[in-house]
Amino acid sequence: MAYLAELGALTGELIAAVTAIPEDQRARLDAYRESAVRSLRHHKFGQTNQFDVDDRLRGYEEHFRVVNREALADALSKRLGALKPHHNQWTPEVLHFILELSDQPAQKSRLSD
Amino acid sequence: MPPPSDERSEKQAAAQQAVDILHEISTILNCHLDRRTLSICISMIENGVNPEALATVVKELRSKGQQHLEQAEPVPAPAAAARRR
């Protein structure tokens with residue numbers, strides 16, 4: 001029960017952060033939260049494979065170098081190195097999440113961001 | 001040995017630093033995530049949420065947020081705009 005309450009609260013915060021729907025639209029926010037919690041609890045996705053995550057990140061780094069985005073490749077390599085001392089049991093899953101949301105970085109990423 | 005409060009603040013600082021680095025990685029990979037959203041997502045993953053399911057939910061919420069914006073401020077269609085002229 002505590003888990004569900006915590007998940008519901010975090011999902012509410014996520015909806016507020018992503019959709020920017022005002023608080024006065026309570027019915028709509030509640031419907032989105034229920035739907036999101038259902039999707040998070042009942043899904044068909046497997047567990048994160050740490051080696052697959054590492055491969056995908058290395059693949060991005062190589063791809064950036066191939067398309068002459070050396071600075072982007074160096075920036076990624078530097079951040080992954082800096083992350084090593086902070087590595088914990090959740091790091092591969094967080095990186096997996098980031099990889100799933102990645103949107104054509106070789107074409108669209110700007111280091112000035 | 002440092003007092004417990006020092007130890008706690010050191011742990012908090014290290015956690016903040018880790019989130020900063022993860023946010024920079026998400027920016028390099030063009031994930032369209034701000035720091036607050038990423039922090040919430042990290043908390044959800046630490047609570048056992050599947051990362052792929054979470055990414056799917058974030059994409060759906062972005063789409064719903066976009067629909068909400070369009071309903072709130074409808075963009076005039078070119079034909080309707082031309083008729084008004």
# chains A, B, ... in the order shown; residues from 1 in each chain; ligands from 1
>>> residues_around(residues="range 8-15 of chain A", least_positions_apart="2", cutoff="9 Å", atoms="only C-alpha atoms", output="ChimeraX atom specification")
/A:3-6,17-21,29-30,32-34,36-37 /B:36-37,40-41,43-44,58,61-62,65
>>> residues_around(residues="Lys59 in chain B", least_positions_apart="4", cutoff="12 Å", atoms="only C-alpha atoms", output="PyMOL selection string")
(chain A and resi 14-15+18-19+36+97+100-103) or (chain B and resi 31-33+52-55+63-66)
>>> residues_around(residues="Ala82 in chain A", least_positions_apart="6", cutoff="12 Å", atoms="only C-alpha atoms", output="MDAnalysis selection string")
(chainID A and resid 75:76) or (chainID B and resid 14 17:22 24:25)
>>> closest_residue(among="A:Lys84, A:Lys78, A:Ser109, A:Asp52", to="chain B", atoms="only C-alpha atoms")
A:Ser109
>>> atom_distance(atom1="CA of Gly46 in chain A", atom2="CA of Gly48 in chain B")
12.8 Å
>>> select_by_dssp(residues="chain A", states="helix (DSSP H, G or I)", output="VMD selection string")
chain A and resid 2 to 19 26 to 41 50 to 66 70 to 86 91 to 101 105 to 108
>>> closest_residue(among="B:Asn50, B:Ser5, B:Gln71, B:Gln12", to="chain A", atoms="only C-alpha atoms")
B:Asn50
>>> atom_distance(atom1="CA of Asp55 in chain A", atom2="CA of Ser39 in chain A")
27.5 Å
>>> atom_distance(atom1="CA of Ile45 in chain B", atom2="CA of Gln67 in chain B")
26.8 Å
>>> decode(residues="range 37-50 of chain B", atoms="all heavy atoms", output="compact mmCIF listing (two decimals), in the first residue's frame")
# COMPACT_ATOMS: atom_id res chain seq x y z
N THR B 37 12.52 16.89 -13.87
CA THR B 37 11.87 15.68 -14.41
C THR B 37 12.79 14.48 -14.26
O THR B 37 12.35 13.40 -13.85
CB THR B 37 11.49 15.90 -15.89
OG1 THR B 37 10.72 17.09 -16.00
CG2 THR B 37 10.69 14.73 -16.45
N LEU B 38 14.07 14.69 -14.57
CA LEU B 38 15.02 13.57 -14.45
C LEU B 38 15.11 13.10 -12.99
O LEU B 38 15.12 11.89 -12.72
CB LEU B 38 16.40 13.96 -14.98
CG LEU B 38 17.46 12.87 -14.89
CD1 LEU B 38 17.07 11.66 -15.75
CD2 LEU B 38 18.82 13.38 -15.31
N SER B 39 15.13 14.04 -12.05
CA SER B 39 15.21 13.66 -10.62
C SER B 39 13.99 12.83 -10.21
O SER B 39 14.13 11.83 -9.49
CB SER B 39 15.25 14.90 -9.73
OG SER B 39 16.44 15.58 -9.93
N ILE B 40 12.82 13.24 -10.68
CA ILE B 40 11.60 12.48 -10.35
C ILE B 40 11.71 11.07 -10.94
O ILE B 40 11.41 10.07 -10.27
CB ILE B 40 10.34 13.20 -10.90
CG1 ILE B 40 10.15 14.55 -10.24
CG2 ILE B 40 9.09 12.33 -10.72
CD1 ILE B 40 9.16 15.47 -10.95
N CYS B 41 12.18 11.00 -12.19
CA CYS B 41 12.29 9.68 -12.86
C CYS B 41 13.31 8.79 -12.14
O CYS B 41 13.09 7.58 -12.01
CB CYS B 41 12.66 9.87 -14.33
SG CYS B 41 11.31 10.61 -15.27
N ILE B 42 14.40 9.38 -11.67
CA ILE B 42 15.39 8.59 -10.93
C ILE B 42 14.75 8.04 -9.65
O ILE B 42 14.92 6.86 -9.31
CB ILE B 42 16.65 9.43 -10.63
CG1 ILE B 42 17.41 9.73 -11.92
CG2 ILE B 42 17.57 8.71 -9.63
CD1 ILE B 42 18.56 10.72 -11.78
N SER B 43 13.98 8.88 -8.96
CA SER B 43 13.30 8.40 -7.74
C SER B 43 12.35 7.25 -8.07
O SER B 43 12.24 6.29 -7.31
CB SER B 43 12.49 9.53 -7.10
OG SER B 43 13.33 10.54 -6.67
N MET B 44 11.66 7.36 -9.20
CA MET B 44 10.72 6.30 -9.59
C MET B 44 11.47 5.00 -9.88
O MET B 44 11.05 3.92 -9.46
CB MET B 44 9.90 6.74 -10.80
CG MET B 44 8.97 7.90 -10.46
SD MET B 44 8.04 8.50 -11.86
CE MET B 44 6.61 7.42 -11.78
N ILE B 45 12.60 5.11 -10.57
CA ILE B 45 13.40 3.91 -10.88
C ILE B 45 13.93 3.30 -9.58
O ILE B 45 13.91 2.07 -9.41
CB ILE B 45 14.53 4.26 -11.87
CG1 ILE B 45 13.92 4.54 -13.25
CG2 ILE B 45 15.57 3.15 -11.94
CD1 ILE B 45 14.88 5.13 -14.25
N GLU B 46 14.35 4.16 -8.65
CA GLU B 46 14.83 3.65 -7.36
C GLU B 46 13.70 2.99 -6.55
O GLU B 46 13.97 2.22 -5.64
CB GLU B 46 15.47 4.79 -6.55
CG GLU B 46 16.81 5.20 -7.13
CD GLU B 46 17.43 6.41 -6.45
OE1 GLU B 46 16.75 7.07 -5.64
OE2 GLU B 46 18.59 6.73 -6.77
N ASN B 47 12.46 3.31 -6.92
CA ASN B 47 11.30 2.66 -6.28
C ASN B 47 10.83 1.44 -7.05
O ASN B 47 9.74 0.93 -6.79
CB ASN B 47 10.15 3.67 -6.16
CG ASN B 47 10.22 4.45 -4.88
OD1 ASN B 47 9.82 3.97 -3.83
ND2 ASN B 47 10.78 5.64 -4.94
N GLY B 48 11.62 1.01 -8.01
CA GLY B 48 11.32 -0.25 -8.70
C GLY B 48 10.58 -0.13 -10.01
O GLY B 48 10.17 -1.14 -10.59
N VAL B 49 10.42 1.10 -10.52
CA VAL B 49 9.72 1.27 -11.80
C VAL B 49 10.64 0.83 -12.95
O VAL B 49 11.83 1.13 -12.95
CB VAL B 49 9.28 2.74 -11.98
CG1 VAL B 49 8.82 3.03 -13.39
CG2 VAL B 49 8.17 3.07 -10.98
N ASN B 50 10.07 0.12 -13.92
CA ASN B 50 10.84 -0.34 -15.07
C ASN B 50 11.21 0.85 -15.96
O ASN B 50 10.32 1.64 -16.32
CB ASN B 50 10.01 -1.36 -15.86
CG ASN B 50 10.73 -1.86 -17.09
OD1 ASN B 50 10.79 -1.17 -18.10
ND2 ASN B 50 11.25 -3.07 -17.01
